[in-house]
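> Contents of my_file34.pdb (PDB, C-alpha atoms) are below:
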```pdb
ATOM      1  CA  MET A   1    -125.608  89.503-155.545
ATOM      2  CA  THR A   2    -122.372  87.572-155.102
ATOM      3  CA  THR A   3    -121.909  83.815-154.975
ATOM      4  CA  LEU A   4    -120.265  82.456-151.842
ATOM      5  CA  LEU A   5    -117.397  79.968-152.070
ATOM      6  CA  TYR A   6    -116.703  77.885-148.977
ATOM      7  CA  SER A   7    -113.655  75.726-148.373
ATOM      8  CA  HIS A   8    -110.997  74.991-145.757
ATOM      9  CA  ALA A   9    -107.473  73.577-145.645
ATOM     10  CA  SER A  10    -108.585  70.638-143.503
ATOM     11  CA  CYS A  11    -110.796  69.470-146.366
ATOM     12  CA  ILE A  12    -107.617  69.045-148.412
ATOM     13  CA  GLU A  13    -105.728  67.473-145.515
ATOM     14  CA  HIS A  14    -108.350  64.703-145.146
ATOM     15  CA  ASN A  15    -106.526  61.759-146.707
ATOM     16  CA  PRO A  16    -108.187  58.340-147.076
ATOM     17  CA  GLY A  17    -104.933  56.773-148.241
ATOM     18  CA  GLU A  18    -102.460  56.519-151.086
ATOM     19  CA  PHE A  19    -104.024  55.760-154.472
ATOM     20  CA  HIS A  20    -107.550  56.308-153.114
ATOM     21  CA  PRO A  21    -109.745  57.911-155.806
ATOM     22  CA  GLU A  22    -111.229  60.399-153.309
ATOM     23  CA  SER A  23    -107.879  62.126-152.970
ATOM     24  CA  PRO A  24    -106.878  65.582-151.709
ATOM     25  CA  ASP A  25    -105.937  66.440-155.295
ATOM     26  CA  ARG A  26    -109.635  66.542-156.127
ATOM     27  CA  LEU A  27    -110.204  69.642-154.034
ATOM     28  CA  ARG A  28    -106.915  71.152-155.144
ATOM     29  CA  ALA A  29    -108.126  70.794-158.738
ATOM     30  CA  VAL A  30    -111.454  72.479-157.963
ATOM     31  CA  MET A  31    -109.902  75.378-156.078
ATOM     32  CA  SER A  32    -107.189  75.872-158.697
ATOM     33  CA  GLY A  33    -109.854  76.077-161.391
ATOM     34  CA  LEU A  34    -111.645  78.815-159.465
ATOM     35  CA  ASP A  35    -108.476  80.803-158.837
ATOM     36  CA  ASN A  36    -108.421  83.051-161.875
ATOM     37  CA  GLU A  37    -109.780  86.385-163.026
ATOM     38  CA  GLU A  38    -113.081  84.946-164.254
ATOM     39  CA  PHE A  39    -113.981  83.923-160.700
ATOM     40  CA  GLU A  40    -112.487  86.878-158.832
ATOM     41  CA  HIS A  41    -115.887  88.100-157.645
ATOM     42  CA  LEU A  42    -116.602  84.943-155.680
ATOM     43  CA  GLU A  43    -116.738  85.721-151.972
ATOM     44  CA  HIS A  44    -114.375  83.286-150.270
ATOM     45  CA  LEU A  45    -115.406  82.131-146.810
ATOM     46  CA  GLU A  46    -113.802  79.666-144.443
ATOM     47  CA  ALA A  47    -115.998  76.668-143.761
ATOM     48  CA  PRO A  48    -116.725  76.725-140.021
ATOM     49  CA  ILE A  49    -116.836  73.688-137.744
ATOM     50  CA  ILE A  50    -120.408  72.550-137.231
ATOM     51  CA  ASP A  51    -121.679  71.820-133.735
ATOM     52  CA  VAL A  52    -122.195  68.148-133.036
ATOM     53  CA  ASP A  53    -125.894  68.585-132.207
ATOM     54  CA  SER A  54    -126.585  69.723-135.766
ATOM     55  CA  ILE A  55    -124.985  66.530-137.086
ATOM     56  CA  LYS A  56    -127.160  64.498-134.740
ATOM     57  CA  ARG A  57    -130.323  65.756-136.412
ATOM     58  CA  VAL A  58    -129.406  63.387-139.245
ATOM     59  CA  HIS A  59    -127.049  60.826-137.715
ATOM     60  CA  GLN A  60    -127.560  58.671-134.652
ATOM     61  CA  SER A  61    -125.734  60.002-131.609
ATOM     62  CA  GLU A  62    -123.762  56.791-131.083
ATOM     63  CA  TYR A  63    -122.605  56.845-134.692
ATOM     64  CA  VAL A  64    -121.402  60.466-134.534
ATOM     65  CA  GLU A  65    -119.485  59.806-131.349
ATOM     66  CA  ARG A  66    -117.963  56.615-132.773
ATOM     67  CA  ILE A  67    -116.727  58.445-135.867
ATOM     68  CA  LEU A  68    -115.230  61.359-133.960
ATOM     69  CA  ASP A  69    -113.722  59.162-131.237
ATOM     70  CA  ASN A  70    -111.938  56.999-133.823
ATOM     71  CA  VAL A  71    -110.257  59.738-135.836
ATOM     72  CA  PRO A  72    -106.493  59.048-135.732
ATOM     73  CA  GLN A  73    -104.709  61.557-133.540
ATOM     74  CA  GLU A  74    -101.603  62.184-135.606
ATOM     75  CA  GLY A  75     -99.333  61.072-138.406
ATOM     76  CA  GLU A  76    -100.235  59.031-141.468
ATOM     77  CA  VAL A  77    -102.276  56.408-139.623
ATOM     78  CA  HIS A  78    -105.564  55.517-141.316
ATOM     79  CA  VAL A  79    -108.713  54.084-139.748
ATOM     80  CA  ARG A  80    -110.760  52.089-142.249
ATOM     81  CA  LEU A  81    -114.536  52.165-141.756
ATOM     82  CA  ASP A  82    -115.385  49.934-144.706
ATOM     83  CA  PRO A  83    -113.460  48.753-147.793
ATOM     84  CA  ASP A  84    -113.932  52.178-149.447
ATOM     85  CA  THR A  85    -114.056  54.636-146.558
ATOM     86  CA  ALA A  86    -111.151  55.642-144.332
ATOM     87  CA  MET A  87    -110.119  58.449-141.994
ATOM     88  CA  SER A  88    -106.841  60.231-141.357
ATOM     89  CA  SER A  89    -106.002  62.664-138.559
ATOM     90  CA  ALA A  90    -107.665  65.555-140.428
ATOM     91  CA  SER A  91    -110.861  63.705-141.288
ATOM     92  CA  GLY A  92    -112.934  64.614-138.251
ATOM     93  CA  GLU A  93    -112.344  68.333-138.686
ATOM     94  CA  ALA A  94    -112.805  68.095-142.449
ATOM     95  CA  ALA A  95    -116.156  66.319-142.125
ATOM     96  CA  ARG A  96    -117.361  68.833-139.529
ATOM     97  CA  ARG A  97    -116.284  71.751-141.726
ATOM     98  CA  ALA A  98    -117.907  70.221-144.824
ATOM     99  CA  ALA A  99    -121.213  70.132-142.968
ATOM    100  CA  GLY A 100    -120.495  73.498-141.368
ATOM    101  CA  ALA A 101    -120.130  75.098-144.779
ATOM    102  CA  ILE A 102    -123.660  74.256-145.840
ATOM    103  CA  VAL A 103    -125.139  75.266-142.492
ATOM    104  CA  ASN A 104    -123.401  78.637-142.633
ATOM    105  CA  ALA A 105    -124.514  79.067-146.238
ATOM    106  CA  VAL A 106    -128.124  78.570-145.129
ATOM    107  CA  ASP A 107    -127.639  81.360-142.588
ATOM    108  CA  GLN A 108    -126.059  83.719-145.125
ATOM    109  CA  ILE A 109    -128.789  83.154-147.696
ATOM    110  CA  VAL A 110    -131.660  83.476-145.245
ATOM    111  CA  ASP A 111    -130.075  86.715-143.966
ATOM    112  CA  GLY A 112    -130.031  88.064-147.529
ATOM    113  CA  LYS A 113    -126.233  88.271-147.733
ATOM    114  CA  ALA A 114    -126.054  86.032-150.808
ATOM    115  CA  LYS A 115    -128.346  84.355-153.306
ATOM    116  CA  ASN A 116    -126.381  81.147-153.743
ATOM    117  CA  ALA A 117    -123.248  79.330-152.610
ATOM    118  CA  PHE A 118    -120.858  76.589-153.633
ATOM    119  CA  CYS A 119    -119.246  74.520-150.884
ATOM    120  CA  ALA A 120    -115.929  73.178-152.207
ATOM    121  CA  VAL A 121    -115.456  70.650-149.440
ATOM    122  CA  ARG A 122    -114.644  67.027-148.802
ATOM    123  CA  PRO A 123    -115.178  64.311-147.707
ATOM    124  CA  PRO A 124    -118.346  63.934-149.731
ATOM    125  CA  GLY A 125    -121.525  62.986-147.899
ATOM    126  CA  HIS A 126    -124.445  61.658-149.904
ATOM    127  CA  HIS A 127    -123.814  57.948-149.198
ATOM    128  CA  ALA A 128    -123.646  58.374-145.408
ATOM    129  CA  GLU A 129    -126.734  56.947-143.710
ATOM    130  CA  SER A 130    -127.924  57.700-140.191
ATOM    131  CA  SER A 131    -125.617  55.121-138.599
ATOM    132  CA  ARG A 132    -123.341  54.020-141.419
ATOM    133  CA  ALA A 133    -120.316  55.479-143.201
ATOM    134  CA  MET A 134    -119.900  54.258-146.766
ATOM    135  CA  GLY A 135    -118.818  55.250-150.251
ATOM    136  CA  PHE A 136    -116.077  57.664-149.066
ATOM    137  CA  CYS A 137    -118.673  59.526-146.916
ATOM    138  CA  LEU A 138    -118.719  60.200-143.159
ATOM    139  CA  PHE A 139    -121.484  62.762-142.497
ATOM    140  CA  ASN A 140    -124.259  63.605-144.937
ATOM    141  CA  SER A 141    -123.718  67.339-145.368
ATOM    142  CA  ALA A 142    -126.655  67.870-147.764
ATOM    143  CA  ALA A 143    -129.097  66.237-145.354
ATOM    144  CA  ILE A 144    -127.589  68.089-142.397
ATOM    145  CA  GLY A 145    -128.140  71.383-144.229
ATOM    146  CA  ALA A 146    -131.736  70.485-145.014
ATOM    147  CA  PHE A 147    -132.547  69.504-141.437
ATOM    148  CA  TYR A 148    -130.826  72.646-140.158
ATOM    149  CA  ALA A 149    -132.917  74.870-142.443
ATOM    150  CA  ARG A 150    -136.066  73.326-141.037
ATOM    151  CA  ALA A 151    -134.978  73.451-137.397
ATOM    152  CA  LYS A 152    -133.469  76.959-137.425
ATOM    153  CA  TYR A 153    -135.814  78.737-139.821
ATOM    154  CA  GLY A 154    -138.975  76.664-139.762
ATOM    155  CA  MET A 155    -138.814  75.806-143.454
ATOM    156  CA  GLU A 156    -141.545  73.326-144.313
ATOM    157  CA  ARG A 157    -140.176  72.186-147.694
ATOM    158  CA  VAL A 158    -136.504  71.616-148.492
ATOM    159  CA  ALA A 159    -135.250  69.884-151.634
ATOM    160  CA  VAL A 160    -131.989  68.163-152.557
ATOM    161  CA  ILE A 161    -131.176  67.450-156.198
ATOM    162  CA  ASP A 162    -128.284  65.069-156.755
ATOM    163  CA  PHE A 163    -126.606  64.691-160.163
ATOM    164  CA  ASP A 164    -123.680  62.590-158.942
ATOM    165  CA  VAL A 165    -123.264  59.431-161.048
ATOM    166  CA  HIS A 166    -123.842  57.320-157.928
ATOM    167  CA  HIS A 167    -127.202  57.263-156.187
ATOM    168  CA  GLY A 168    -127.250  59.179-152.900
ATOM    169  CA  ASN A 169    -128.637  56.374-150.790
ATOM    170  CA  GLY A 170    -127.825  58.225-147.579
ATOM    171  CA  THR A 171    -129.815  61.321-148.498
ATOM    172  CA  GLN A 172    -132.740  59.225-149.666
ATOM    173  CA  HIS A 173    -132.516  57.236-146.420
ATOM    174  CA  SER A 174    -132.878  60.461-144.415
ATOM    175  CA  PHE A 175    -135.656  61.929-146.570
ATOM    176  CA  GLU A 176    -137.885  59.143-147.839
ATOM    177  CA  MET A 177    -140.394  59.042-144.971
ATOM    178  CA  ASP A 178    -140.743  62.812-144.554
ATOM    179  CA  PRO A 179    -143.105  64.526-147.036
ATOM    180  CA  GLY A 180    -141.558  67.920-146.228
ATOM    181  CA  LEU A 181    -138.274  66.826-147.794
ATOM    182  CA  PHE A 182    -137.708  66.130-151.505
ATOM    183  CA  TYR A 183    -134.902  64.108-153.053
ATOM    184  CA  GLY A 184    -134.354  63.917-156.816
ATOM    185  CA  SER A 185    -131.485  61.974-158.354
ATOM    186  CA  SER A 186    -130.105  61.087-161.774
ATOM    187  CA  HIS A 187    -127.500  58.325-161.603
ATOM    188  CA  GLN A 188    -126.090  55.312-163.366
ATOM    189  CA  PHE A 189    -127.847  52.032-162.701
ATOM    190  CA  PRO A 190    -126.632  49.391-162.180
ATOM    191  CA  ALA A 191    -123.755  50.897-160.235
ATOM    192  CA  TYR A 192    -122.631  51.462-156.664
ATOM    193  CA  PRO A 193    -124.404  51.443-154.200
ATOM    194  CA  GLY A 194    -127.139  49.411-155.926
ATOM    195  CA  THR A 195    -130.033  51.618-154.827
ATOM    196  CA  GLY A 196    -132.043  54.218-156.707
ATOM    197  CA  SER A 197    -134.515  52.304-158.827
ATOM    198  CA  SER A 198    -137.410  54.284-160.264
ATOM    199  CA  ASP A 199    -139.908  52.523-158.021
ATOM    200  CA  GLU A 200    -138.262  53.991-154.907
ATOM    201  CA  THR A 201    -140.618  56.956-154.527
ATOM    202  CA  GLY A 202    -140.680  57.671-150.806
ATOM    203  CA  VAL A 203    -143.840  59.011-149.222
ATOM    204  CA  ASP A 204    -146.236  61.150-151.280
ATOM    205  CA  GLY A 205    -143.788  60.876-154.189
ATOM    206  CA  ASN A 206    -141.110  62.909-152.389
ATOM    207  CA  VAL A 207    -138.321  60.753-153.891
ATOM    208  CA  VAL A 208    -137.677  60.851-157.644
ATOM    209  CA  ASN A 209    -135.041  58.514-159.026
ATOM    210  CA  VAL A 210    -134.085  58.448-162.696
ATOM    211  CA  PRO A 211    -131.639  55.582-163.254
ATOM    212  CA  LEU A 212    -129.574  55.842-166.441
ATOM    213  CA  PRO A 213    -127.971  52.825-168.125
ATOM    214  CA  PRO A 214    -124.210  52.623-168.726
ATOM    215  CA  GLY A 215    -123.373  54.522-171.896
ATOM    216  CA  ALA A 216    -126.174  57.065-171.524
ATOM    217  CA  GLY A 217    -125.111  60.585-172.452
ATOM    218  CA  SER A 218    -126.332  64.150-172.811
ATOM    219  CA  ALA A 219    -129.740  63.363-174.290
ATOM    220  CA  GLU A 220    -130.693  60.899-171.573
ATOM    221  CA  PHE A 221    -129.246  63.079-168.816
ATOM    222  CA  ARG A 222    -131.194  66.136-169.944
ATOM    223  CA  ALA A 223    -134.386  64.119-170.433
ATOM    224  CA  ALA A 224    -134.129  62.917-166.825
ATOM    225  CA  TYR A 225    -134.461  66.525-165.705
ATOM    226  CA  ASN A 226    -136.853  67.874-168.317
ATOM    227  CA  ASP A 227    -139.269  64.953-168.142
ATOM    228  CA  SER A 228    -139.185  64.011-164.481
ATOM    229  CA  ILE A 229    -137.010  65.752-161.906
ATOM    230  CA  LEU A 230    -137.629  69.423-162.757
ATOM    231  CA  PRO A 231    -141.453  69.180-163.072
ATOM    232  CA  LYS A 232    -141.685  67.322-159.775
ATOM    233  CA  LEU A 233    -139.302  69.757-158.095
ATOM    234  CA  ARG A 234    -141.485  72.654-159.196
ATOM    235  CA  ARG A 235    -144.601  70.925-157.879
ATOM    236  CA  PHE A 236    -142.877  70.376-154.540
ATOM    237  CA  ASP A 237    -142.129  74.128-154.414
ATOM    238  CA  PRO A 238    -139.169  74.147-151.985
ATOM    239  CA  GLU A 239    -138.151  77.063-149.803
ATOM    240  CA  VAL A 240    -134.476  76.357-150.471
ATOM    241  CA  LEU A 241    -132.724  74.078-152.960
ATOM    242  CA  ILE A 242    -129.586  72.117-152.101
ATOM    243  CA  ILE A 243    -127.542  70.550-154.909
ATOM    244  CA  SER A 244    -125.356  67.495-154.385
ATOM    245  CA  ALA A 245    -122.932  68.371-157.167
ATOM    246  CA  GLY A 246    -121.038  65.266-158.166
ATOM    247  CA  PHE A 247    -119.238  65.506-161.498
ATOM    248  CA  ASP A 248    -118.476  61.815-162.003
ATOM    249  CA  ALA A 249    -121.128  61.272-164.683
ATOM    250  CA  HIS A 250    -118.619  62.988-166.988
ATOM    251  CA  VAL A 251    -117.523  60.968-169.999
ATOM    252  CA  ASP A 252    -113.888  61.049-168.810
ATOM    253  CA  ASP A 253    -114.548  59.898-165.243
ATOM    254  CA  PRO A 254    -113.010  56.509-164.376
ATOM    255  CA  LEU A 255    -115.531  55.292-161.783
ATOM    256  CA  ALA A 256    -118.621  54.912-163.984
ATOM    257  CA  GLN A 257    -119.739  54.691-167.589
ATOM    258  CA  LEU A 258    -122.024  57.635-168.367
ATOM    259  CA  GLN A 259    -121.178  60.005-171.217
ATOM    260  CA  VAL A 260    -122.190  63.387-169.772
ATOM    261  CA  GLN A 261    -120.280  66.375-171.188
ATOM    262  CA  THR A 262    -118.958  69.444-169.393
ATOM    263  CA  ILE A 263    -121.592  71.624-171.056
ATOM    264  CA  ASP A 264    -124.322  69.456-169.522
ATOM    265  CA  TYR A 265    -123.255  70.661-166.073
ATOM    266  CA  SER A 266    -123.761  74.248-167.202
ATOM    267  CA  TRP A 267    -127.168  73.289-168.551
ATOM    268  CA  VAL A 268    -128.414  71.370-165.505
ATOM    269  CA  THR A 269    -127.225  74.119-163.147
ATOM    270  CA  GLU A 270    -128.994  76.784-165.200
ATOM    271  CA  GLU A 271    -132.200  74.720-165.259
ATOM    272  CA  LEU A 272    -132.109  74.141-161.523
ATOM    273  CA  LEU A 273    -131.533  77.855-160.973
ATOM    274  CA  LYS A 274    -134.562  78.673-163.127
ATOM    275  CA  ALA A 275    -136.680  76.362-160.999
ATOM    276  CA  ALA A 276    -135.269  77.909-157.837
ATOM    277  CA  ASP A 277    -136.094  81.393-159.117
ATOM    278  CA  GLU A 278    -139.714  80.305-159.438
ATOM    279  CA  CYS A 279    -139.899  78.484-156.105
ATOM    280  CA  CYS A 280    -137.533  80.033-153.589
ATOM    281  CA  ASP A 281    -136.197  83.355-154.858
ATOM    282  CA  GLY A 282    -133.171  81.614-156.358
ATOM    283  CA  HIS A 283    -131.857  80.394-153.015
ATOM    284  CA  VAL A 284    -129.475  77.565-153.927
ATOM    285  CA  ILE A 285    -126.659  75.929-151.982
ATOM    286  CA  SER A 286    -124.425  73.496-153.827
ATOM    287  CA  LEU A 287    -121.777  71.217-152.412
ATOM    288  CA  LEU A 288    -119.148  69.021-153.972
ATOM    289  CA  GLU A 289    -119.765  65.286-154.023
ATOM    290  CA  GLY A 290    -117.929  63.031-156.537
ATOM    291  CA  GLY A 291    -115.731  63.557-159.582
ATOM    292  CA  TYR A 292    -112.494  61.626-160.022
ATOM    293  CA  ASN A 293    -110.874  62.691-163.296
ATOM    294  CA  LEU A 294    -109.051  65.837-162.231
ATOM    295  CA  SER A 295    -109.220  67.744-165.517
ATOM    296  CA  ALA A 296    -112.895  66.866-165.999
ATOM    297  CA  LEU A 297    -113.583  67.817-162.388
ATOM    298  CA  THR A 298    -111.903  71.198-162.834
ATOM    299  CA  ALA A 299    -113.798  72.017-166.026
ATOM    300  CA  SER A 300    -117.142  70.741-164.711
ATOM    301  CA  SER A 301    -116.946  72.599-161.409
ATOM    302  CA  GLN A 302    -115.990  75.756-163.309
ATOM    303  CA  ALA A 303    -119.064  75.327-165.522
ATOM    304  CA  HIS A 304    -121.237  74.812-162.435
ATOM    305  CA  VAL A 305    -119.905  77.826-160.529
ATOM    306  CA  ARG A 306    -119.990  80.000-163.652
ATOM    307  CA  ALA A 307    -123.737  79.335-163.874
ATOM    308  CA  LEU A 308    -124.218  80.087-160.174
ATOM    309  CA  MET A 309    -122.446  83.412-160.564
ATOM    310  CA  ALA A 310    -124.579  84.350-163.568
ATOM    311  CA  ALA A 311    -127.848  83.773-161.708
TER     312      ALA A 311
END
```
What do you get writing this file as structure tokens?

Amino acid sequence: MTTLLYSHASCIEHNPGEFHPESPDRLRAVMSGLDNEEFEHLEHLEAPIIDVDSIKRVHQSEYVERILDNVPQEGEVHVRLDPDTAMSSASGEAARRAAGAIVNAVDQIVDGKAKNAFCAVRPPGHHAESSRAMGFCLFNSAAIGAFYARAKYGMERVAVIDFDVHHGNGTQHSFEMDPGLFYGSSHQFPAYPGTGSSDETGVDGNVVNVPLPPGAGSAEFRAAYNDSILPKLRRFDPEVLIISAGFDAHVDDPLAQLQVQTIDYSWVTEELLKAADECCDGHVISLLEGGYNLSALTASSQAHVRALMAA
């Protein structure tokens, strides 16, 4: 069964400003890497615009309206939400399509039209809390997808696994008090945003954080999954698995100091797919989070999607 690939031009047009690390070139690099004969059997779909009510399952109504009302109307004007997070005229549509991609992927997978999907979208989302934009993120697409799966299809257990180098404080914020949601994260610590210690365990152990020290590499990264995240994911037994696929733990990435290799992204994807095969008939939806060295991002996202296609 084919792997779905979601994206949209507006996700490239979202521009937080000159010299910003979360640049449009990131998505260009990902899509260019997937535009060759090896990936010709991906089914390309346009990321649709999500309805605002679906966003409001995760984010406070006033916050959603404030974000959308403050998107610049035209030109190269930027609205800065915090020192790291800014919007251009395309940002509102891009954020709605990023979340719309994962919601549509849930529909396609539940309907049996695909087994898994990769959402090549931006802005990223895992730092966005219910009423706060931060860390380049506006709306938390992974959390929106999880809440949608529960509301639309009555799923009782939805999991998000996050291997971005930065802890997904926003996803944890949305999940930590709900035992029907599971959040597992490997990340550098100390690092932005300063959350994600191992003693943050949510309710009934539904949050699993494995902080890795600067300089940690393949062995520590793989141990985080083999020894902690994967066993607890299997015990949780989700009905669908969402992956926050950030590739900034790569040794060449400029925003952190882990030493993860491209092959580790193949490995972790394959291991997560094995767990999903056991728990939820292989139903996996992945979406792009971080990754700021363009060549490393291209190679890592190729490794990730290659594993999805082989499932």
> Compile a residue-level contact table for stretch 105-146 of chain A against stretch 92-99 of chain A at a cut-off of 12 Å, reporting for every qualifying residue the shortest atom pair and its distance in Å to one decimal, with only C-alpha atoms counted, rows ordered by chain and ascending number, as JSON lines.

```
{"residue": "A:Ala105", "atom": "CA", "partner": "A:Ala99", "partner_atom": "CA", "distance": 10.1}
{"residue": "A:Val106", "atom": "CA", "partner": "A:Ala99", "partner_atom": "CA", "distance": 11.1}
{"residue": "A:Phe118", "atom": "CA", "partner": "A:Ala98", "partner_atom": "CA", "distance": 11.3}
{"residue": "A:Cys119", "atom": "CA", "partner": "A:Ala98", "partner_atom": "CA", "distance": 7.5}
{"residue": "A:Ala120", "atom": "CA", "partner": "A:Ala98", "partner_atom": "CA", "distance": 8.2}
{"residue": "A:Val121", "atom": "CA", "partner": "A:Ala98", "partner_atom": "CA", "distance": 5.2}
{"residue": "A:Arg122", "atom": "CA", "partner": "A:Ala98", "partner_atom": "CA", "distance": 6.1}
{"residue": "A:Pro123", "atom": "CA", "partner": "A:Ala95", "partner_atom": "CA", "distance": 6.0}
{"residue": "A:Pro124", "atom": "CA", "partner": "A:Ala98", "partner_atom": "CA", "distance": 8.0}
{"residue": "A:Gly125", "atom": "CA", "partner": "A:Ala95", "partner_atom": "CA", "distance": 8.6}
{"residue": "A:His126", "atom": "CA", "partner": "A:Ala99", "partner_atom": "CA", "distance": 11.4}
{"residue": "A:Ala128", "atom": "CA", "partner": "A:Ala95", "partner_atom": "CA", "distance": 11.4}
{"residue": "A:Ala133", "atom": "CA", "partner": "A:Ala95", "partner_atom": "CA", "distance": 11.7}
{"residue": "A:Phe136", "atom": "CA", "partner": "A:Ala95", "partner_atom": "CA", "distance": 11.1}
{"residue": "A:Cys137", "atom": "CA", "partner": "A:Ala95", "partner_atom": "CA", "distance": 8.7}
{"residue": "A:Leu138", "atom": "CA", "partner": "A:Ala95", "partner_atom": "CA", "distance": 6.7}
{"residue": "A:Phe139", "atom": "CA", "partner": "A:Ala95", "partner_atom": "CA", "distance": 6.4}
{"residue": "A:Asn140", "atom": "CA", "partner": "A:Ala99", "partner_atom": "CA", "distance": 7.5}
{"residue": "A:Ser141", "atom": "CA", "partner": "A:Ala99", "partner_atom": "CA", "distance": 4.5}
{"residue": "A:Ala142", "atom": "CA", "partner": "A:Ala99", "partner_atom": "CA", "distance": 7.6}
{"residue": "A:Ala143", "atom": "CA", "partner": "A:Ala99", "partner_atom": "CA", "distance": 9.1}
{"residue": "A:Ile144", "atom": "CA", "partner": "A:Ala99", "partner_atom": "CA", "distance": 6.7}
{"residue": "A:Gly145", "atom": "CA", "partner": "A:Ala99", "partner_atom": "CA", "distance": 7.2}
{"residue": "A:Ala146", "atom": "CA", "partner": "A:Ala99", "partner_atom": "CA", "distance": 10.7}
```
> Find the residues around A:Leu308 up to 10 Å (all atoms listed in the file counted), leave out those fewer than 4 positions away in its own chain, and share them as a compact mmCIF listing (two decimals) with C-alpha atoms, in the frame of the given file.

```txt
# COMPACT_ATOMS: atom_id res chain seq x y z
CA THR A 2 -122.37 87.57 -155.10
CA THR A 3 -121.91 83.82 -154.98
CA LEU A 4 -120.26 82.46 -151.84
CA LYS A 115 -128.35 84.36 -153.31
CA ASN A 116 -126.38 81.15 -153.74
CA ALA A 117 -123.25 79.33 -152.61
CA PHE A 118 -120.86 76.59 -153.63
CA SER A 266 -123.76 74.25 -167.20
CA THR A 269 -127.22 74.12 -163.15
CA GLU A 270 -128.99 76.78 -165.20
CA LEU A 272 -132.11 74.14 -161.52
CA LEU A 273 -131.53 77.86 -160.97
CA GLY A 282 -133.17 81.61 -156.36
CA VAL A 284 -129.48 77.56 -153.93
CA ILE A 285 -126.66 75.93 -151.98
CA SER A 286 -124.42 73.50 -153.83
CA GLN A 302 -115.99 75.76 -163.31
CA ALA A 303 -119.06 75.33 -165.52
CA HIS A 304 -121.24 74.81 -162.44
```
> At a cut-off of 6 Å, using only C-alpha atoms, what residues contact A:Ser88? Leave out same-chain residues fewer than 4 positions from it and give the result as a short mmCIF file (atom, residue, chain, number, x, y, z; two decimals) with C-alpha atoms, keeping the file's coordinate frame.

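File produced: out_2.cif:
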```
data_model
loop_
_atom_site.label_atom_id
_atom_site.label_comp_id
_atom_site.auth_asym_id
_atom_site.auth_seq_id
_atom_site.Cartn_x
_atom_site.Cartn_y
_atom_site.Cartn_z
CA ASN A 15 -106.53 61.76 -146.71
CA PRO A 72 -106.49 59.05 -135.73
CA HIS A 78 -105.56 55.52 -141.32
#
```
> Considering only C-alpha atoms, state which residue in the set A:Leu233, A:Ala310, A:Leu27, A:Ala299 is at the smallest distance from A:Tyr265.
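Counting only C-alpha atoms, the residue closest to A:Tyr265 is A:Ala299.
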> Residues picked by the PyMOL selection byres ((chain A and resi 132) around 12) here, as a PyMOL selection string?
chain A and resi 58-64+66-67+81-82+85+125-131+133-140+169-170+173-174
> Quick one: of A:Ser244, A:Gln261, A:Ser7, A:Ser32, who's nearest to A:Thr298, counting all atoms listed in the file?
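Answer, going by the shortest atom-to-atom distance: A:Ser32.
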> If you count only C-alpha atoms, which residues fall within 12 Å of A:Val79, apart from same-chain ones fewer than 4 positions away, as number ranges by chain?
A: 14-17, 66-75, 83-92
> What does the PyMOL selection byres ((chain A and resi 8) around 6) select in this file, as a list of chain:residue names?
A:Ser7, A:Ala9, A:Ser10, A:Cys11, A:Glu46, A:Ala47
> Evaluating the PyMOL selection byres ((chain A and resi 212-228) around 6) on the displayed file yields which residues, as a list of chain:residue names?
A:His187, A:Gln188, A:Phe189, A:Pro211, A:Ile229, A:Leu230, A:Pro231, A:Gln257, A:Leu258, A:Gln259, A:Val260
> Counting all atoms listed in the file, which of A:Asn293, A:Met1, A:Phe247, A:Val210 gets nearest to A:Gln108?
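Between A:Asn293, A:Met1, A:Phe247, A:Val210, the residue approaching A:Gln108 most closely is A:Met1.
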> Do you have the atom CA of A:Phe39-atom CA of A:Ala311 distance handy?
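One can read the atom CA of A:Phe39 to atom CA of A:Ala311 distance as 13.9 Å.
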> Skip A:Cys280 itself and residues of its chain fewer than 3 positions away, then list as a PDB file with C-alpha atoms, keeping the file's coordinate frame all residues within 8 Å of it, counting all atoms listed in the file.

```pdb
ATOM      1  CA  ASP A 237    -142.129  74.128-154.414  1.00  0.00           C
ATOM      2  CA  PRO A 238    -139.169  74.147-151.985  1.00  0.00           C
ATOM      3  CA  GLU A 239    -138.151  77.063-149.803  1.00  0.00           C
ATOM      4  CA  VAL A 240    -134.476  76.357-150.471  1.00  0.00           C
ATOM      5  CA  LEU A 241    -132.724  74.078-152.960  1.00  0.00           C
ATOM      6  CA  ALA A 276    -135.269  77.909-157.837  1.00  0.00           C
ATOM      7  CA  ASP A 277    -136.094  81.393-159.117  1.00  0.00           C
ATOM      8  CA  HIS A 283    -131.857  80.394-153.015  1.00  0.00           C
TER       9      HIS A 283
END
```
> Give me, please, the distance in Å between atom CA of A:Phe182 and atom CA of A:Tyr292, quoted to one decimal.
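Between these atoms lies a distance of 27.0 Å.
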> Using all atoms listed in the file, determine which residues lie at most 12 Å from A:Thr201, disregarding the query and same-chain residues fewer than 3 positions distant; provide the list as a tab-separated table (two decimals) with C-alpha atoms, keeping the file's coordinate frame.

```
chain	number	residue	atom	x	y	z
A	172	GLN	CA	-132.74	59.22	-149.67
A	173	HIS	CA	-132.52	57.24	-146.42
A	175	PHE	CA	-135.66	61.93	-146.57
A	176	GLU	CA	-137.88	59.14	-147.84
A	177	MET	CA	-140.39	59.04	-144.97
A	178	ASP	CA	-140.74	62.81	-144.55
A	179	PRO	CA	-143.10	64.53	-147.04
A	182	PHE	CA	-137.71	66.13	-151.50
A	183	TYR	CA	-134.90	64.11	-153.05
A	184	GLY	CA	-134.35	63.92	-156.82
A	185	SER	CA	-131.49	61.97	-158.35
A	195	THR	CA	-130.03	51.62	-154.83
A	196	GLY	CA	-132.04	54.22	-156.71
A	197	SER	CA	-134.51	52.30	-158.83
A	198	SER	CA	-137.41	54.28	-160.26
A	204	ASP	CA	-146.24	61.15	-151.28
A	205	GLY	CA	-143.79	60.88	-154.19
A	206	ASN	CA	-141.11	62.91	-152.39
A	207	VAL	CA	-138.32	60.75	-153.89
A	208	VAL	CA	-137.68	60.85	-157.64
A	209	ASN	CA	-135.04	58.51	-159.03
A	210	VAL	CA	-134.08	58.45	-162.70
A	232	LYS	CA	-141.68	67.32	-159.78
```
